[in-house]
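This is input.txt. It holds compact mmCIF, C-alpha atoms.
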# COMPACT_ATOMS: atom_id res chain seq x y z
CA MET A 157 -1.66 131.29 93.39
CA ASP A 158 -3.66 128.76 95.44
CA LYS A 159 -5.58 130.64 98.15
CA ILE A 160 -4.89 127.87 100.69
CA ARG A 161 -1.16 128.37 100.26
CA THR A 162 -1.54 132.16 100.55
CA TYR A 163 -3.35 131.75 103.87
CA ALA A 164 -0.66 129.33 105.08
CA TRP A 165 2.12 131.79 104.16
CA TYR A 166 0.18 134.55 105.90
CA TRP A 167 -0.11 132.38 109.03
CA LEU A 168 3.67 131.87 109.12
CA ALA A 169 4.29 135.58 108.50
CA CYS A 170 2.06 136.63 111.39
CA LEU A 171 3.55 134.03 113.78
CA GLU A 172 6.94 135.80 113.95
CA LEU A 173 8.37 132.67 115.58
CA PHE A 174 10.81 131.51 112.89
CA SER A 175 14.00 133.10 111.58
CA PRO A 176 14.45 133.01 107.78
CA LYS A 177 17.12 130.31 108.20
CA PHE A 178 14.88 128.10 110.31
CA LEU A 179 11.90 128.70 108.06
CA LYS A 180 13.95 127.47 105.11
CA TYR A 181 14.96 124.43 107.20
CA ILE A 182 11.42 123.51 108.23
CA LEU A 183 10.13 123.99 104.68
CA GLU A 184 12.77 121.59 103.42
CA GLU A 185 11.46 119.04 105.93
CA PHE A 186 7.71 119.50 105.36
CA GLY A 187 7.65 120.72 101.76
CA SER A 188 5.21 123.65 101.93
CA PRO A 189 3.59 126.09 104.38
CA GLU A 190 0.26 124.25 104.21
CA GLU A 191 1.99 120.98 105.09
CA ILE A 192 3.51 122.63 108.16
CA PHE A 193 0.06 123.88 109.13
CA SER A 194 -1.62 120.49 108.79
CA ALA A 195 1.21 118.31 110.23
CA LYS A 196 0.49 116.14 113.27
CA GLU A 197 1.38 117.74 116.59
CA LYS A 198 3.69 114.88 117.64
CA ARG A 199 5.69 115.07 114.43
CA LEU A 200 6.13 118.82 114.85
CA ARG A 201 7.15 118.53 118.52
CA ASP A 202 9.71 115.85 117.62
CA PHE A 203 11.01 118.04 114.81
CA PHE A 204 11.35 121.08 117.13
CA ASP A 205 13.21 118.93 119.71
CA MET A 206 15.62 117.66 117.08
CA ALA A 207 16.13 121.15 115.61
CA GLN A 208 16.90 122.61 119.02
CA VAL A 209 19.46 119.89 119.76
CA GLN A 210 21.15 120.60 116.42
CA HIS A 211 21.09 124.36 117.15
CA LYS A 212 18.89 124.93 114.12
CA LEU A 213 16.18 126.44 116.30
CA ARG A 214 16.90 129.29 118.71
CA ILE A 215 14.04 130.23 121.02
CA ARG A 216 13.88 133.52 122.91
CA GLU A 217 11.40 132.20 125.48
CA GLU A 218 10.67 128.98 127.39
CA LYS A 219 10.24 126.17 124.82
CA ARG A 220 6.92 124.89 126.11
CA GLN A 221 5.42 128.37 126.03
CA TRP A 222 6.81 128.88 122.53
CA GLU A 223 5.28 125.61 121.28
CA GLU A 224 1.90 126.38 122.83
CA ARG A 225 1.84 129.69 120.99
CA PHE A 226 2.62 127.85 117.77
CA PHE A 227 -0.08 125.20 118.14
CA ALA A 228 -2.70 127.68 119.39
CA SER A 229 -2.17 129.73 116.22
CA ARG A 230 -3.39 126.91 113.97
CA ASN A 231 -6.95 128.20 113.75
CA TRP A 232 -7.95 128.38 110.10
CA LYS A 233 -11.01 130.58 110.65
CA ASP A 234 -8.98 133.21 112.55
CA ILE A 235 -6.22 133.18 109.92
CA VAL A 236 -8.64 133.74 107.02
CA GLN A 237 -10.44 136.51 108.92
CA SER A 238 -7.15 138.24 109.79
CA TYR A 239 -5.96 137.97 106.18
CA ASN A 240 -9.19 139.45 104.82
CA ASN A 241 -9.06 142.31 107.35
CA THR A 242 -5.48 143.07 106.30
CA ILE A 243 -6.37 143.17 102.59
CA GLN A 244 -9.42 145.36 103.26
CA ARG A 245 -7.13 147.92 104.92
CA GLY A 246 -5.24 148.35 101.65
CA ILE A 247 -2.28 146.20 102.70
CA GLN A 248 -1.04 143.77 100.06
CA PHE A 249 0.51 140.43 100.97
CA ILE A 250 2.93 139.07 98.35
CA THR A 251 4.77 135.75 98.61
CA LYS A 252 7.70 134.33 96.69
CA ASP A 253 5.20 132.18 94.79
CA ASP A 254 3.54 135.27 93.28
CA LEU A 255 4.50 136.58 89.85
CA SER A 256 4.73 140.12 91.28
CA PHE A 257 7.39 139.12 93.84
CA PRO A 258 10.62 141.04 93.00
CA GLU A 259 13.09 138.92 91.07
CA LYS A 260 16.02 140.60 92.86
CA LEU A 261 14.81 139.26 96.23
CA LYS A 262 14.82 135.65 95.05
CA HIS A 263 18.61 135.55 95.25
CA VAL A 264 19.10 136.91 98.79
CA GLU A 265 21.04 134.44 100.94
CA GLU A 266 18.71 134.57 103.95
CA THR A 267 15.56 133.83 101.99
CA ILE A 268 12.75 136.37 101.87
CA PHE A 269 9.47 134.47 101.69
CA TRP A 270 6.90 137.27 101.74
CA LEU A 271 6.34 141.02 101.74
CA PHE A 272 3.66 143.26 103.17
CA LEU A 273 3.11 146.28 100.95
CA ILE A 274 1.24 149.57 100.94
CA GLY A 275 1.47 151.38 97.62
CA GLU A 276 3.62 149.72 95.01
CA LEU A 277 6.93 147.93 94.53
CA PRO A 278 9.87 149.52 92.68
CA ASN A 279 9.55 149.35 88.91
CA LYS A 280 11.79 146.49 87.78
CA THR A 281 12.55 148.26 84.48
CA LEU A 282 14.09 151.29 86.22
CA PRO A 283 17.34 151.52 88.23
CA THR A 284 17.13 151.72 92.02
CA ILE A 285 19.67 153.19 94.43
CA ALA A 286 19.57 152.76 98.22
CA VAL A 287 20.60 155.95 100.04
CA ILE A 288 21.61 155.29 103.65
CA GLY A 289 23.66 156.79 106.45
CA SER A 290 23.74 158.08 109.99
CA ARG A 291 20.57 158.75 111.95
CA LYS A 292 22.33 161.58 113.79
CA CYS A 293 23.74 163.19 110.69
CA SER A 294 25.12 166.69 110.21
CA SER A 295 23.24 169.47 108.43
CA PHE A 296 25.71 169.04 105.56
CA GLY A 297 25.02 165.30 105.34
CA ARG A 298 21.29 165.87 105.36
CA GLU A 299 21.53 168.37 102.50
CA VAL A 300 23.87 166.16 100.47
CA ALA A 301 21.50 163.18 100.86
CA ARG A 302 18.49 165.29 99.90
CA ASN A 303 20.22 166.83 96.88
CA LEU A 304 21.73 163.59 95.59
CA ALA A 305 18.42 161.75 95.97
CA ALA A 306 16.59 164.55 94.17
CA SER A 307 19.12 164.64 91.34
CA LEU A 308 18.99 160.84 90.94
CA ALA A 309 15.18 160.83 91.04
CA GLU A 310 15.06 163.50 88.32
CA GLN A 311 16.99 161.08 86.10
CA LYS A 312 14.44 158.30 86.74
CA VAL A 313 16.53 156.49 89.35
CA GLN A 314 14.27 155.12 92.08
CA ILE A 315 15.31 155.91 95.66
CA ILE A 316 14.96 153.34 98.42
CA SER A 317 15.82 153.75 102.10
CA GLY A 318 14.68 152.82 105.61
CA LEU A 319 12.58 155.82 106.77
CA ALA A 320 14.96 156.34 109.71
CA GLU A 321 15.92 159.73 111.08
CA GLY A 322 18.78 161.59 109.44
CA ILE A 323 20.06 160.47 106.05
CA ASP A 324 17.18 158.08 105.29
CA GLY A 325 14.51 160.72 105.83
CA ALA A 326 16.48 163.30 103.84
CA ALA A 327 16.81 160.90 100.88
CA HIS A 328 13.08 160.16 100.83
CA THR A 329 12.31 163.89 101.09
CA GLY A 330 14.61 164.73 98.18
CA ALA A 331 13.00 162.15 95.90
CA LEU A 332 9.46 163.22 96.84
CA PHE A 333 10.32 166.87 96.18
CA THR A 334 10.92 166.07 92.49
CA GLY A 335 7.55 164.34 92.14
CA GLU A 336 9.23 160.99 91.53
CA LYS A 337 8.71 157.81 93.56
CA THR A 338 10.56 156.57 96.63
CA TYR A 339 10.29 153.38 98.66
CA ALA A 340 10.68 152.82 102.40
CA VAL A 341 11.56 149.44 103.92
CA LEU A 342 10.50 149.18 107.57
CA GLY A 343 11.89 147.30 110.55
CA SER A 344 8.38 147.30 112.01
CA GLY A 345 4.91 146.22 110.95
CA ILE A 346 3.76 147.69 107.67
CA ASP A 347 1.26 149.94 109.49
CA VAL A 348 3.66 151.06 112.25
CA CYS A 349 5.47 154.30 111.39
CA TYR A 350 8.87 154.35 113.07
CA PRO A 351 10.08 156.86 114.06
CA LYS A 352 6.72 158.51 114.84
CA GLN A 353 7.92 161.96 113.77
CA HIS A 354 8.09 160.66 110.19
CA LEU A 355 4.35 159.99 109.98
CA THR A 356 3.75 162.71 107.38
CA LEU A 357 6.70 161.40 105.35
CA TYR A 358 5.37 157.83 105.69
CA GLN A 359 1.98 158.93 104.33
CA LYS A 360 3.56 160.76 101.39
CA ILE A 361 5.68 157.74 100.49
CA TYR A 362 2.83 155.25 100.24
CA ARG A 363 0.98 157.71 97.98
CA GLN A 364 4.09 158.41 95.89
CA GLY A 365 5.89 155.06 95.94
CA GLY A 366 5.58 152.26 98.45
CA ILE A 367 6.00 151.09 102.05
CA ILE A 368 7.51 147.60 102.31
CA SER A 369 8.02 145.25 105.27
CA GLU A 370 8.47 141.58 106.09
CA TYR A 371 6.68 142.17 109.38
CA PRO A 372 2.90 141.86 109.81
CA PRO A 373 0.58 144.69 110.85
CA LYS A 374 1.05 146.02 114.41
CA SER A 375 4.51 144.43 114.74
CA ALA A 376 6.74 146.64 116.92
CA ALA A 377 10.03 148.16 115.78
CA ILE A 378 12.32 145.71 117.63
CA ALA A 379 16.11 146.06 117.47
CA PHE A 380 16.79 142.67 115.82
CA HIS A 381 14.30 143.48 113.02
CA PHE A 382 16.58 146.12 111.54
CA PRO A 383 19.53 143.95 110.42
CA MET A 384 16.99 141.75 108.64
CA ARG A 385 15.35 144.85 107.17
CA ASN A 386 18.73 145.93 105.80
CA ARG A 387 19.15 142.78 103.69
CA LEU A 388 15.83 143.66 102.06
CA ILE A 389 17.00 147.18 101.23
CA ALA A 390 20.20 145.73 99.75
CA GLY A 391 18.22 143.15 97.81
CA LEU A 392 15.87 145.63 96.15
CA CYS A 393 18.53 148.07 94.91
CA ASP A 394 21.16 148.10 92.18
CA GLY A 395 23.66 150.03 94.29
CA ILE A 396 24.09 151.44 97.78
CA LEU A 397 25.06 155.07 98.44
CA VAL A 398 26.37 155.89 101.93
CA VAL A 399 26.33 159.61 102.70
CA GLU A 400 27.55 159.79 106.31
CA ALA A 401 28.54 156.97 108.67
CA ARG A 402 30.46 156.63 111.90
CA GLN A 403 33.22 154.05 112.30
CA LYS A 404 30.73 151.57 113.78
CA SER A 405 27.55 152.23 111.87
CA GLY A 406 24.43 150.16 111.22
CA SER A 407 24.81 151.23 107.59
CA PHE A 408 27.63 148.70 107.26
CA ILE A 409 25.12 145.87 107.73
CA THR A 410 23.37 147.04 104.57
CA VAL A 411 26.72 147.47 102.83
CA ASP A 412 27.83 143.95 103.80
CA ARG A 413 24.53 142.50 102.58
CA GLY A 414 24.93 144.46 99.36
CA LEU A 415 28.46 143.13 98.82
CA GLU A 416 27.20 139.58 99.37
CA GLN A 417 24.67 140.20 96.60
CA GLY A 418 27.21 141.79 94.24
CA LYS A 419 25.86 145.33 94.52
CA GLU A 420 27.99 148.41 93.79
CA ILE A 421 28.89 150.50 96.86
CA TYR A 422 29.17 154.30 96.66
CA ALA A 423 30.32 156.70 99.37
CA VAL A 424 30.41 160.47 99.79
CA PRO A 425 33.84 161.54 101.11
CA GLY A 426 34.15 163.64 104.24
CA ARG A 427 36.71 165.61 106.20
CA ILE A 428 39.55 163.66 107.79
CA GLY A 429 38.96 163.30 111.52
CA ASP A 430 35.26 164.10 111.30
CA GLU A 431 33.43 161.40 113.30
CA LEU A 432 30.57 161.24 110.80
CA SER A 433 32.98 160.86 107.88
CA ILE A 434 35.16 158.03 109.18
CA GLY A 435 32.83 155.31 107.92
CA CYS A 436 32.51 156.69 104.39
CA ASN A 437 36.23 157.41 104.11
CA ARG A 438 36.97 153.84 105.24
CA LEU A 439 34.58 152.46 102.62
CA ILE A 440 36.36 154.46 99.91
CA GLN A 441 39.70 153.22 101.21
CA GLN A 442 38.38 149.65 100.91
CA GLY A 443 37.16 150.06 97.34
CA ALA A 444 33.80 151.85 97.41
CA LYS A 445 33.38 154.34 94.57
CA LEU A 446 33.94 157.95 95.63
CA ILE A 447 30.96 160.12 94.72
CA LEU A 448 31.31 163.78 93.80
CA SER A 449 28.12 164.05 91.73
CA VAL A 450 25.22 161.90 90.52
CA GLU A 451 27.00 161.36 87.20
CA ASP A 452 29.43 159.08 89.07
CA ILE A 453 26.48 156.75 89.78
CA ILE A 454 24.58 157.23 86.51
CA GLU A 455 27.53 156.06 84.43
CA ASP A 456 27.40 152.68 86.20
CA LEU A 457 23.62 152.30 85.90
CA GLU A 458 23.81 152.93 82.16
CA GLU A 459 25.37 149.48 81.74
CA PHE A 460 22.31 147.72 83.20
CA TYR A 461 19.55 150.13 82.15
CA PRO A 462 20.97 151.71 78.96
CA LYS A 463 17.67 152.68 77.38
CA GLN A 464 16.00 154.13 80.48
CA VAL A 465 19.04 156.04 81.72
CA LYS A 466 19.89 157.49 78.29
CA ILE A 467 16.30 158.67 77.81
CA ALA A 468 16.39 160.38 81.21
CA ILE A 469 19.77 162.00 80.57
CA ASN A 470 18.80 163.18 77.07
CA PHE A 471 15.52 164.59 78.41
CA LYS A 472 17.43 166.56 81.03
CA LYS A 473 19.98 167.80 78.48
CA ASN A 474 17.21 169.05 76.19
CA GLN A 475 15.59 171.14 78.90
CA PRO A 476 16.44 174.84 78.81
CA GLU A 477 19.05 175.45 81.48
CA LYS A 478 18.26 178.09 84.08
CA ILE A 479 21.32 180.30 84.14
CA PHE A 480 22.03 182.27 87.26
CA ASN A 481 23.37 185.69 86.34
CA ASN A 482 25.46 186.97 89.22
CA ASN A 483 25.48 190.44 87.64
CA LEU A 484 21.80 190.88 88.45
CA LEU A 485 22.53 190.91 92.17
CA GLU A 486 23.25 194.04 94.14
CA THR A 487 26.84 194.42 95.37
CA GLU A 488 25.94 193.51 98.98
CA GLU A 489 23.90 190.50 97.80
CA LYS A 490 26.90 189.30 95.80
CA ILE A 491 29.06 189.49 98.92
CA VAL A 492 26.55 187.49 100.97
CA TYR A 493 25.99 184.98 98.17
CA ALA A 494 29.74 184.48 97.73
CA SER A 495 30.16 183.70 101.45
CA LEU A 496 27.76 180.74 101.29
CA SER A 497 28.32 177.19 100.08
CA LEU A 498 26.61 173.79 100.13
CA VAL A 499 27.55 173.49 103.80
CA PRO A 500 24.98 175.25 106.04
CA LYS A 501 26.55 178.26 107.74
CA HIS A 502 25.40 180.05 110.91
CA ILE A 503 24.40 183.69 110.61
CA GLU A 504 27.14 184.79 113.02
CA THR A 505 29.77 183.20 110.77
CA ILE A 506 28.27 184.98 107.76
CA CYS A 507 28.42 188.28 109.68
CA ILE A 508 32.12 187.79 110.36
CA GLU A 509 32.93 186.84 106.76
CA THR A 510 30.88 189.64 105.17
CA LYS A 511 31.76 192.20 107.84
CA MET A 512 28.08 193.03 108.27
CA SER A 513 25.92 193.24 111.37
CA VAL A 514 22.90 190.93 111.75
CA SER A 515 20.52 193.85 111.07
CA GLN A 516 22.42 194.70 107.88
CA LEU A 517 22.58 191.06 106.78
CA TYR A 518 18.93 190.02 107.19
CA PRO A 519 17.48 192.01 104.23
CA PHE A 520 20.02 190.46 101.86
CA LEU A 521 19.40 186.96 103.19
CA LEU A 522 15.67 187.43 102.69
CA SER A 523 16.17 188.80 99.19
CA LEU A 524 18.36 185.85 98.18
CA GLN A 525 15.79 183.44 99.62
CA PHE A 526 12.95 185.09 97.68
CA GLN A 527 15.00 184.67 94.50
CA GLY A 528 15.45 180.96 95.29
CA LEU A 529 19.24 181.28 95.43
CA ILE A 530 19.73 180.32 99.07
CA ARG A 531 17.68 178.68 101.80
CA GLU A 532 17.52 178.43 105.55
CA THR A 533 18.07 174.77 106.53
CA GLN A 534 17.29 175.37 110.21
CA ARG A 535 16.97 178.47 112.33
CA ASN A 536 19.83 180.91 111.47
CA TYR A 537 21.66 178.42 109.18
CA TYR A 538 21.90 179.25 105.47
CA MET A 539 23.27 177.52 102.39
CA LEU A 540 23.20 177.74 98.59
CA ASN A 541 20.07 176.31 97.02
CA LYS A 542 21.83 174.16 94.46
CA LYS A 543 21.70 170.47 93.63
CA LEU A 544 24.96 168.57 93.58
In structure tokens, write the structure found in this file.
Amino acid sequence: MDKIRTYAWYWLACLELFSPKFLKYILEEFGSPEEIFSAKEKRLRDFFDMAQVQHKLRIREEKRQWEERFFASRNWKDIVQSYNNTIQRGIQFITKDDLSFPEKLKHVEETIFWLFLIGELPNKTLPTIAVIGSRKCSSFGREVARNLAASLAEQKVQIISGLAEGIDGAAHTGALFTGEKTYAVLGSGIDVCYPKQHLTLYQKIYRQGGIISEYPPKSAAIAFHFPMRNRLIAGLCDGILVVEARQKSGSFITVDRGLEQGKEIYAVPGRIGDELSIGCNRLIQQGAKLILSVEDIIEDLEEFYPKQVKIAINFKKNQPEKIFNNNLLETEEKIVYASLSLVPKHIETICIETKMSVSQLYPFLLSLQFQGLIRETQRNYYMLNKKL
């Protein structure tokens, strides 16, 4: 692509002054990003006045200040230097004019004009599922997201999410655990890890997948960025899996964007009356596909990626299955093992159900952990170490 146009796109991306709708509007008027850059100041001021009158342009600050920022940014030398610095840091800048720009994103209603990228984009020949849900999820939800993502990744389904706390982080972790790739779409600048506690996860993802954002380096994680981020997640995937969601959840923005784009919606059912299950149960009630195992998703993906999915499934079928022989456990271990499930359980509850004291229980819990049959999800909470 013409380098001049790349620099002009980069200039618009770093401005962060235009919404996607207005950017589409101004491009229709001027024809290209370089024409916007080189247009006479009077013509641009007249255009901004007209656009504001017609409610095409919404400005979050005083108009004169906004315009001065715009015109002051038209410094070609600074733009080229900033672009080169960005590329030297290992950050890719891809526009809709590039051959590598994802085909799926070309059909999103609120146009996506560019992407910043560290790592790589999802492989267009493989299926991709977005796994999303509550930031303040339950231990059960976290484990379900991790297990489902891991099981999907093992069958060559790419996992995409938003790097948020809770379900997002669990999904990324599950995919990474299998050695397969996962992709995080940010509501901040490409080099701004949000939330900060996911820095290690962020670093693993760009080495084993990719970090993607519409926002330029150093851009803060601002609230209104996230609804726009969600349309990107929906655009890049083939289907959206919701693991846990409250009645009014940000996950529904991604779901709505997915429905607009004709994507399949999947939901994990939850207990009636559980606050974190209301959203998923509502989605199922409204037509989302109820998910009990990854096979419920794989059977849909087979229609669009028959060769890849069948190869992955056949490979898994041909692997020798590890059979757990319950008879090899001691009697007390069997009792402890039988009391656990895929829902994390507190040690006091296990004591009551097994009729053992904590001191009696600990050796059996440790033994089962060493055998890889159970695991401690957080302090004093235990569950079966099985994939769904």
Computed interatomic separation between CA of Ile409 (chain A) and CA of Ala340 (chain A) (Å):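 Straight-line distance from CA of Ile409 (chain A) to CA of Ala340 (chain A) works out to 16.9 Å.
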Using all atoms listed in the file: which of A:Lys404, A:Arg385, A:His263, A:Lys212 has the shortest distance to Ser290 (chain A):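 Using all atoms listed in the file, the shortest distance to Ser290 (chain A) belongs to A:Lys404.
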So that I can check the surroundings of region 193-210 of chain A, please list as a PDB file with C-alpha atoms, in the frame of the given file every protein, DNA and RNA residue that reaches within 12 Å of it, counting only C-alpha atoms and ignoring chain neighbours fewer than 3 positions away.
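The result, stored in around_5.pdb:
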ATOM      1  CA  ILE A 160      -4.890 127.870 100.690  1.00  0.00           C
ATOM      2  CA  ARG A 161      -1.160 128.370 100.260  1.00  0.00           C
ATOM      3  CA  TYR A 163      -3.350 131.750 103.870  1.00  0.00           C
ATOM      4  CA  ALA A 164      -0.660 129.330 105.080  1.00  0.00           C
ATOM      5  CA  TRP A 165       2.120 131.790 104.160  1.00  0.00           C
ATOM      6  CA  TYR A 166       0.180 134.550 105.900  1.00  0.00           C
ATOM      7  CA  TRP A 167      -0.110 132.380 109.030  1.00  0.00           C
ATOM      8  CA  LEU A 168       3.670 131.870 109.120  1.00  0.00           C
ATOM      9  CA  LEU A 171       3.550 134.030 113.780  1.00  0.00           C
ATOM     10  CA  PHE A 174      10.810 131.510 112.890  1.00  0.00           C
ATOM     11  CA  LYS A 177      17.120 130.310 108.200  1.00  0.00           C
ATOM     12  CA  PHE A 178      14.880 128.100 110.310  1.00  0.00           C
ATOM     13  CA  LEU A 179      11.900 128.700 108.060  1.00  0.00           C
ATOM     14  CA  TYR A 181      14.960 124.430 107.200  1.00  0.00           C
ATOM     15  CA  ILE A 182      11.420 123.510 108.230  1.00  0.00           C
ATOM     16  CA  LEU A 183      10.130 123.990 104.680  1.00  0.00           C
ATOM     17  CA  GLU A 185      11.460 119.040 105.930  1.00  0.00           C
ATOM     18  CA  PHE A 186       7.710 119.500 105.360  1.00  0.00           C
ATOM     19  CA  GLY A 187       7.650 120.720 101.760  1.00  0.00           C
ATOM     20  CA  SER A 188       5.210 123.650 101.930  1.00  0.00           C
ATOM     21  CA  PRO A 189       3.590 126.090 104.380  1.00  0.00           C
ATOM     22  CA  GLU A 190       0.260 124.250 104.210  1.00  0.00           C
ATOM     23  CA  LEU A 213      16.180 126.440 116.300  1.00  0.00           C
ATOM     24  CA  ARG A 214      16.900 129.290 118.710  1.00  0.00           C
ATOM     25  CA  ILE A 215      14.040 130.230 121.020  1.00  0.00           C
ATOM     26  CA  ARG A 216      13.880 133.520 122.910  1.00  0.00           C
ATOM     27  CA  LYS A 219      10.240 126.170 124.820  1.00  0.00           C
ATOM     28  CA  ARG A 220       6.920 124.890 126.110  1.00  0.00           C
ATOM     29  CA  TRP A 222       6.810 128.880 122.530  1.00  0.00           C
ATOM     30  CA  GLU A 223       5.280 125.610 121.280  1.00  0.00           C
ATOM     31  CA  GLU A 224       1.900 126.380 122.830  1.00  0.00           C
ATOM     32  CA  PHE A 226       2.620 127.850 117.770  1.00  0.00           C
ATOM     33  CA  PHE A 227      -0.080 125.200 118.140  1.00  0.00           C
ATOM     34  CA  ALA A 228      -2.700 127.680 119.390  1.00  0.00           C
ATOM     35  CA  SER A 229      -2.170 129.730 116.220  1.00  0.00           C
ATOM     36  CA  ARG A 230      -3.390 126.910 113.970  1.00  0.00           C
ATOM     37  CA  ASN A 231      -6.950 128.200 113.750  1.00  0.00           C
ATOM     38  CA  TRP A 232      -7.950 128.380 110.100  1.00  0.00           C
ATOM     39  CA  ILE A 235      -6.220 133.180 109.920  1.00  0.00           C
TER      40      ILE A 235
END
Go through region 217-284 of chain A and flag each residue having an atom no more than 12 Å from region 294-309 of chain A; for those, report the closest pair of atoms plus their distance in Å to one decimal, using all atoms listed in the file, ordered by chain and rising number, as a Markdown table.
| residue | atom | partner | partner_atom | distance |
| --- | --- | --- | --- | --- |
| A:Leu282 | CA | A:Ala309 | CA | 10.7 |
| A:Pro283 | CA | A:Leu308 | CA | 9.8 |
| A:Thr284 | CA | A:Ala309 | CA | 9.4 |
Atomic separation - CA of Phe272 (chain A) relative to CA of Ile247 (chain A), Å: 6.6 Å
Distance of CA of Leu173 (chain A) from CA of Cys393 (chain A), expressed in Å to one decimal place: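 Here the two named atoms are 27.7 Å from each other.
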Long-range neighbours of region 410-420 of chain A as a PyMOL selection string, 8 Å cut-off, all atoms listed in the file, 4 positions minimum in chain: chain A and resi 263-264+383+386-387+389-391+393-396+406+444
Would you mind putting back N, CA and C atoms on region 507-525 of chain A, then writing it out as an mmCIF file, in the coordinates of the input?
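out.cif, written as the output of this step:
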data_model
loop_
_atom_site.group_PDB
_atom_site.id
_atom_site.type_symbol
_atom_site.label_atom_id
_atom_site.label_comp_id
_atom_site.auth_asym_id
_atom_site.auth_seq_id
_atom_site.Cartn_x
_atom_site.Cartn_y
_atom_site.Cartn_z
ATOM 1 N N CYS A 507 28.144 186.889 109.262
ATOM 2 C CA CYS A 507 28.420 188.280 109.680
ATOM 3 C C CYS A 507 29.911 188.556 109.701
ATOM 4 N N ILE A 508 30.663 187.623 110.253
ATOM 5 C CA ILE A 508 32.120 187.790 110.360
ATOM 6 C C ILE A 508 32.744 187.850 108.964
ATOM 7 N N GLU A 509 32.313 186.928 108.083
ATOM 8 C CA GLU A 509 32.930 186.840 106.760
ATOM 9 C C GLU A 509 32.534 188.005 105.851
ATOM 10 N N THR A 510 31.333 188.524 106.018
ATOM 11 C CA THR A 510 30.880 189.640 105.170
ATOM 12 C C THR A 510 31.131 191.005 105.801
ATOM 13 N N LYS A 511 31.528 190.975 107.084
ATOM 14 C CA LYS A 511 31.760 192.200 107.840
ATOM 15 C C LYS A 511 30.496 193.056 107.919
ATOM 16 N N MET A 512 29.370 192.360 108.111
ATOM 17 C CA MET A 512 28.080 193.030 108.270
ATOM 18 C C MET A 512 27.491 192.662 109.633
ATOM 19 N N SER A 513 26.650 193.563 110.148
ATOM 20 C CA SER A 513 25.920 193.240 111.370
ATOM 21 C C SER A 513 24.703 192.381 110.998
ATOM 22 N N VAL A 514 24.080 191.762 111.999
ATOM 23 C CA VAL A 514 22.900 190.930 111.750
ATOM 24 C C VAL A 514 21.787 191.766 111.107
ATOM 25 N N SER A 515 21.586 192.987 111.610
ATOM 26 C CA SER A 515 20.520 193.850 111.070
ATOM 27 C C SER A 515 20.801 194.224 109.617
ATOM 28 N N GLN A 516 22.073 194.394 109.272
ATOM 29 C CA GLN A 516 22.420 194.700 107.880
ATOM 30 C C GLN A 516 22.240 193.460 106.982
ATOM 31 N N LEU A 517 22.552 192.299 107.547
ATOM 32 C CA LEU A 517 22.580 191.060 106.780
ATOM 33 C C LEU A 517 21.189 190.533 106.424
ATOM 34 N N TYR A 518 20.247 190.635 107.344
ATOM 35 C CA TYR A 518 18.930 190.020 107.190
ATOM 36 C C TYR A 518 18.226 190.388 105.877
ATOM 37 N N PRO A 519 18.182 191.670 105.477
ATOM 38 C CA PRO A 519 17.480 192.010 104.230
ATOM 39 C C PRO A 519 18.064 191.288 103.008
ATOM 40 N N PHE A 520 19.383 191.121 102.999
ATOM 41 C CA PHE A 520 20.020 190.460 101.860
ATOM 42 C C PHE A 520 19.757 188.954 101.878
ATOM 43 N N LEU A 521 19.741 188.375 103.068
ATOM 44 C CA LEU A 521 19.400 186.960 103.190
ATOM 45 C C LEU A 521 17.968 186.701 102.723
ATOM 46 N N LEU A 522 17.068 187.571 103.110
ATOM 47 C CA LEU A 522 15.670 187.430 102.690
ATOM 48 C C LEU A 522 15.523 187.589 101.188
ATOM 49 N N SER A 523 16.225 188.562 100.628
ATOM 50 C CA SER A 523 16.170 188.800 99.190
ATOM 51 C C SER A 523 16.671 187.596 98.410
ATOM 52 N N LEU A 524 17.790 187.020 98.862
ATOM 53 C CA LEU A 524 18.360 185.850 98.180
ATOM 54 C C LEU A 524 17.443 184.634 98.309
ATOM 55 N N GLN A 525 16.754 184.540 99.449
ATOM 56 C CA GLN A 525 15.790 183.440 99.620
ATOM 57 C C GLN A 525 14.604 183.611 98.675
#
